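Student: Before we start, here is the structure in question, set down as structure tokens.
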Amino acid sequence: MTENEEEVQNVEAGSEDEVLVRIEIPDELKMGAYANHVAISTARHEFVITFAQIMPLRDNKAIQDALETRTLEAVAVANIAIPHGLLAGVIKAFQTNLDGLPEKGESD
């Protein structure tokens, strides 16, 4: 495995259906992208998940405009379409990872 690859387990560990998926991460994606907002929409055959950055409001005018219009500006950093059938596995993977996080107040 090269330094650009990451191993991801695709099925519950220990299952007889367990499959190891090797994902190559191209250099231009290695840094990742920070997102502090996510929008999810449903199309006929897939879910579309848009990750975005909402930047801090830097001055009083920007704050006042946002309050008046009840609108914040965001820049999309990724727009991902996944088939409906994959969503249950995505949710399960998120839950597995969330369950592994330390409780608030616990040290790592």
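In the structure tokens, the first chain shown is A, the next is B, and so on; residue numbers restart at 1 for each chain, and ligands run from 1 in the order shown.
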I'd like a table as a Markdown table: residues in stretch 22-68 of chain A with an atom no more than 7 Å from stretch 76-87 of chain A, each row giving the shortest atom pair and its distance in Å to one decimal, only C-alpha atoms counted, sorted by chain and rising residue number.

Tutor:
| residue | atom | partner | partner_atom | distance |
| --- | --- | --- | --- | --- |
| A:Ala33 | CA | A:Val77 | CA | 6.3 |
| A:Ala35 | CA | A:Val77 | CA | 7.0 |
| A:His45 | CA | A:Pro83 | CA | 6.0 |
| A:Glu46 | CA | A:Pro83 | CA | 4.1 |
| A:Phe47 | CA | A:Ile82 | CA | 5.4 |
| A:Val48 | CA | A:Ala81 | CA | 4.3 |
| A:Ile49 | CA | A:Ile80 | CA | 5.1 |
| A:Thr50 | CA | A:Asn79 | CA | 4.4 |
| A:Phe51 | CA | A:Ala78 | CA | 5.2 |
| A:Ala52 | CA | A:Ala76 | CA | 4.0 |
| A:Gln53 | CA | A:Ala76 | CA | 6.4 |

Student: Would you mind exporting the chosen residues as a compact mmCIF listing (two decimals), in the first residue's frame, restricted to N, CA and C atoms?

Tutor:
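The new file part_18.txt reads:
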# COMPACT_ATOMS: atom_id res chain seq x y z
N ALA A 33 -10.94 19.10 3.15
CA ALA A 33 -11.62 20.39 3.12
C ALA A 33 -12.42 20.53 4.41
N ALA A 35 -15.51 21.85 6.56
CA ALA A 35 -16.89 22.26 6.36
C ALA A 35 -17.55 22.43 7.73
N HIS A 45 -32.65 9.22 -7.81
CA HIS A 45 -31.85 8.01 -7.61
C HIS A 45 -30.73 8.16 -6.58
N GLU A 46 -30.55 9.36 -6.03
CA GLU A 46 -29.45 9.55 -5.10
C GLU A 46 -29.74 10.67 -4.11
N PHE A 47 -28.95 10.66 -3.06
CA PHE A 47 -28.92 11.78 -2.13
C PHE A 47 -27.76 12.67 -2.56
N VAL A 48 -27.94 13.95 -2.47
CA VAL A 48 -26.87 14.89 -2.78
C VAL A 48 -26.51 15.59 -1.47
N ILE A 49 -25.27 15.43 -1.08
CA ILE A 49 -24.77 16.02 0.16
C ILE A 49 -23.77 17.10 -0.20
N THR A 50 -24.07 18.32 0.21
CA THR A 50 -23.20 19.45 -0.07
C THR A 50 -22.58 19.93 1.23
N PHE A 51 -21.26 19.88 1.29
CA PHE A 51 -20.52 20.37 2.44
C PHE A 51 -20.07 21.80 2.11
N ALA A 52 -20.19 22.70 3.09
CA ALA A 52 -19.87 24.10 2.83
C ALA A 52 -19.20 24.74 4.04
N GLN A 53 -18.59 25.88 3.78
CA GLN A 53 -18.01 26.71 4.84
C GLN A 53 -18.82 27.99 4.95

Student: I need the residues in chain A that are helix (DSSP H, G or I) according to DSSP; give them as a PyMOL selection string.

Tutor: chain A and resi 27-29+60-69+84-99

Student: Please, which residues of chain A, numbered as in this document, come out strand (DSSP E or B) from DSSP, as a PDB file with N, CA and C atoms, in the first residue's frame?

Tutor:
ATOM      1  N   GLU A   5      -2.725   5.731  -0.074  1.00  0.00           N
ATOM      2  CA  GLU A   5      -3.864   4.847   0.095  1.00  0.00           C
ATOM      3  C   GLU A   5      -4.271   4.776   1.555  1.00  0.00           C
ATOM      4  N   GLU A   6      -5.538   4.575   1.751  1.00  0.00           N
ATOM      5  CA  GLU A   6      -6.084   4.440   3.095  1.00  0.00           C
ATOM      6  C   GLU A   6      -6.952   3.197   3.093  1.00  0.00           C
ATOM      7  N   GLU A   7      -6.855   2.388   4.127  1.00  0.00           N
ATOM      8  CA  GLU A   7      -7.681   1.192   4.191  1.00  0.00           C
ATOM      9  C   GLU A   7      -8.971   1.520   4.926  1.00  0.00           C
ATOM     10  N   VAL A   8     -10.075   1.073   4.375  1.00  0.00           N
ATOM     11  CA  VAL A   8     -11.373   1.306   4.970  1.00  0.00           C
ATOM     12  C   VAL A   8     -12.114  -0.015   4.997  1.00  0.00           C
ATOM     13  N   GLN A   9     -12.642  -0.384   6.157  1.00  0.00           N
ATOM     14  CA  GLN A   9     -13.428  -1.604   6.228  1.00  0.00           C
ATOM     15  C   GLN A   9     -14.851  -1.269   5.824  1.00  0.00           C
ATOM     16  N   LEU A  20     -12.301  -5.591   2.473  1.00  0.00           N
ATOM     17  CA  LEU A  20     -11.375  -4.486   2.676  1.00  0.00           C
ATOM     18  C   LEU A  20     -11.319  -3.685   1.389  1.00  0.00           C
ATOM     19  N   VAL A  21     -11.614  -2.403   1.486  1.00  0.00           N
ATOM     20  CA  VAL A  21     -11.573  -1.519   0.324  1.00  0.00           C
ATOM     21  C   VAL A  21     -10.361  -0.614   0.483  1.00  0.00           C
ATOM     22  N   ARG A  22      -9.496  -0.615  -0.500  1.00  0.00           N
ATOM     23  CA  ARG A  22      -8.335   0.282  -0.479  1.00  0.00           C
ATOM     24  C   ARG A  22      -8.668   1.501  -1.318  1.00  0.00           C
ATOM     25  N   ILE A  23      -8.637   2.636  -0.675  1.00  0.00           N
ATOM     26  CA  ILE A  23      -8.997   3.885  -1.343  1.00  0.00           C
ATOM     27  C   ILE A  23      -7.732   4.687  -1.579  1.00  0.00           C
ATOM     28  N   GLU A  24      -7.484   5.017  -2.832  1.00  0.00           N
ATOM     29  CA  GLU A  24      -6.341   5.876  -3.149  1.00  0.00           C
ATOM     30  C   GLU A  24      -6.784   7.323  -3.010  1.00  0.00           C
ATOM     31  N   HIS A  37     -20.931  23.348   7.646  1.00  0.00           N
ATOM     32  CA  HIS A  37     -22.352  23.301   7.282  1.00  0.00           C
ATOM     33  C   HIS A  37     -22.544  22.166   6.276  1.00  0.00           C
ATOM     34  N   VAL A  38     -23.681  21.500   6.359  1.00  0.00           N
ATOM     35  CA  VAL A  38     -23.999  20.455   5.391  1.00  0.00           C
ATOM     36  C   VAL A  38     -25.463  20.597   4.992  1.00  0.00           C
ATOM     37  N   ALA A  39     -25.726  20.427   3.713  1.00  0.00           N
ATOM     38  CA  ALA A  39     -27.102  20.443   3.190  1.00  0.00           C
ATOM     39  C   ALA A  39     -27.320  19.126   2.457  1.00  0.00           C
ATOM     40  N   ILE A  40     -28.466  18.498   2.698  1.00  0.00           N
ATOM     41  CA  ILE A  40     -28.769  17.214   2.069  1.00  0.00           C
ATOM     42  C   ILE A  40     -30.070  17.346   1.301  1.00  0.00           C
ATOM     43  N   SER A  41     -30.045  16.916   0.056  1.00  0.00           N
ATOM     44  CA  SER A  41     -31.260  16.908  -0.756  1.00  0.00           C
ATOM     45  C   SER A  41     -31.406  15.533  -1.399  1.00  0.00           C
ATOM     46  N   THR A  42     -32.610  15.246  -1.841  1.00  0.00           N
ATOM     47  CA  THR A  42     -32.893  13.944  -2.426  1.00  0.00           C
ATOM     48  C   THR A  42     -33.297  14.116  -3.882  1.00  0.00           C
ATOM     49  N   GLU A  46     -30.553   9.357  -6.032  1.00  0.00           N
ATOM     50  CA  GLU A  46     -29.452   9.547  -5.100  1.00  0.00           C
ATOM     51  C   GLU A  46     -29.743  10.671  -4.111  1.00  0.00           C
ATOM     52  N   PHE A  47     -28.948  10.663  -3.057  1.00  0.00           N
ATOM     53  CA  PHE A  47     -28.918  11.780  -2.128  1.00  0.00           C
ATOM     54  C   PHE A  47     -27.760  12.666  -2.563  1.00  0.00           C
ATOM     55  N   VAL A  48     -27.944  13.955  -2.472  1.00  0.00           N
ATOM     56  CA  VAL A  48     -26.873  14.892  -2.778  1.00  0.00           C
ATOM     57  C   VAL A  48     -26.515  15.591  -1.468  1.00  0.00           C
ATOM     58  N   ILE A  49     -25.265  15.434  -1.081  1.00  0.00           N
ATOM     59  CA  ILE A  49     -24.773  16.016   0.162  1.00  0.00           C
ATOM     60  C   ILE A  49     -23.772  17.101  -0.198  1.00  0.00           C
ATOM     61  N   THR A  50     -24.069  18.324   0.209  1.00  0.00           N
ATOM     62  CA  THR A  50     -23.196  19.455  -0.073  1.00  0.00           C
ATOM     63  C   THR A  50     -22.575  19.925   1.233  1.00  0.00           C
ATOM     64  N   PHE A  51     -21.256  19.882   1.287  1.00  0.00           N
ATOM     65  CA  PHE A  51     -20.520  20.374   2.441  1.00  0.00           C
ATOM     66  C   PHE A  51     -20.066  21.799   2.110  1.00  0.00           C
ATOM     67  N   ALA A  52     -20.189  22.699   3.092  1.00  0.00           N
ATOM     68  CA  ALA A  52     -19.870  24.101   2.834  1.00  0.00           C
ATOM     69  C   ALA A  52     -19.205  24.739   4.044  1.00  0.00           C
ATOM     70  N   GLN A  53     -18.590  25.878   3.783  1.00  0.00           N
ATOM     71  CA  GLN A  53     -18.009  26.712   4.837  1.00  0.00           C
ATOM     72  C   GLN A  53     -18.821  27.986   4.946  1.00  0.00           C
ATOM     73  N   ILE A  54     -19.270  28.269   6.150  1.00  0.00           N
ATOM     74  CA  ILE A  54     -19.872  29.562   6.439  1.00  0.00           C
ATOM     75  C   ILE A  54     -18.785  30.353   7.150  1.00  0.00           C
ATOM     76  N   ALA A  74     -22.384  31.040   2.144  1.00  0.00           N
ATOM     77  CA  ALA A  74     -21.526  29.873   2.334  1.00  0.00           C
ATOM     78  C   ALA A  74     -20.896  29.513   0.994  1.00  0.00           C
ATOM     79  N   VAL A  75     -19.744  28.860   1.057  1.00  0.00           N
ATOM     80  CA  VAL A  75     -19.051  28.390  -0.137  1.00  0.00           C
ATOM     81  C   VAL A  75     -18.968  26.866  -0.059  1.00  0.00           C
ATOM     82  N   ALA A  76     -19.448  26.194  -1.091  1.00  0.00           N
ATOM     83  CA  ALA A  76     -19.392  24.737  -1.124  1.00  0.00           C
ATOM     84  C   ALA A  76     -17.947  24.276  -1.266  1.00  0.00           C
ATOM     85  N   VAL A  77     -17.568  23.275  -0.463  1.00  0.00           N
ATOM     86  CA  VAL A  77     -16.232  22.696  -0.565  1.00  0.00           C
ATOM     87  C   VAL A  77     -16.288  21.286  -1.144  1.00  0.00           C
ATOM     88  N   ALA A  78     -17.489  20.688  -1.152  1.00  0.00           N
ATOM     89  CA  ALA A  78     -17.676  19.372  -1.769  1.00  0.00           C
ATOM     90  C   ALA A  78     -19.161  19.164  -2.030  1.00  0.00           C
ATOM     91  N   ASN A  79     -19.449  18.513  -3.132  1.00  0.00           N
ATOM     92  CA  ASN A  79     -20.823  18.191  -3.512  1.00  0.00           C
ATOM     93  C   ASN A  79     -20.817  16.718  -3.915  1.00  0.00           C
ATOM     94  N   ILE A  80     -21.415  15.876  -3.089  1.00  0.00           N
ATOM     95  CA  ILE A  80     -21.308  14.425  -3.254  1.00  0.00           C
ATOM     96  C   ILE A  80     -22.691  13.832  -3.504  1.00  0.00           C
ATOM     97  N   ALA A  81     -22.809  13.009  -4.532  1.00  0.00           N
ATOM     98  CA  ALA A  81     -24.054  12.282  -4.806  1.00  0.00           C
ATOM     99  C   ALA A  81     -23.817  10.819  -4.472  1.00  0.00           C
ATOM    100  N   ILE A  82     -24.715  10.242  -3.649  1.00  0.00           N
ATOM    101  CA  ILE A  82     -24.603   8.822  -3.313  1.00  0.00           C
ATOM    102  C   ILE A  82     -25.944   8.141  -3.571  1.00  0.00           C
ATOM    103  N   PRO A  83     -25.914   6.910  -4.063  1.00  0.00           N
ATOM    104  CA  PRO A  83     -27.165   6.198  -4.338  1.00  0.00           C
ATOM    105  C   PRO A  83     -27.951   5.965  -3.049  1.00  0.00           C
TER     106      PRO A  83
END

Student: Quick one: distance from atom CA of A:Thr71 to atom CA of A:Ile91 in Å, one decimal?

Tutor: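 We find that atom CA of A:Thr71 and atom CA of A:Ile91 lie 29.0 Å from each other.
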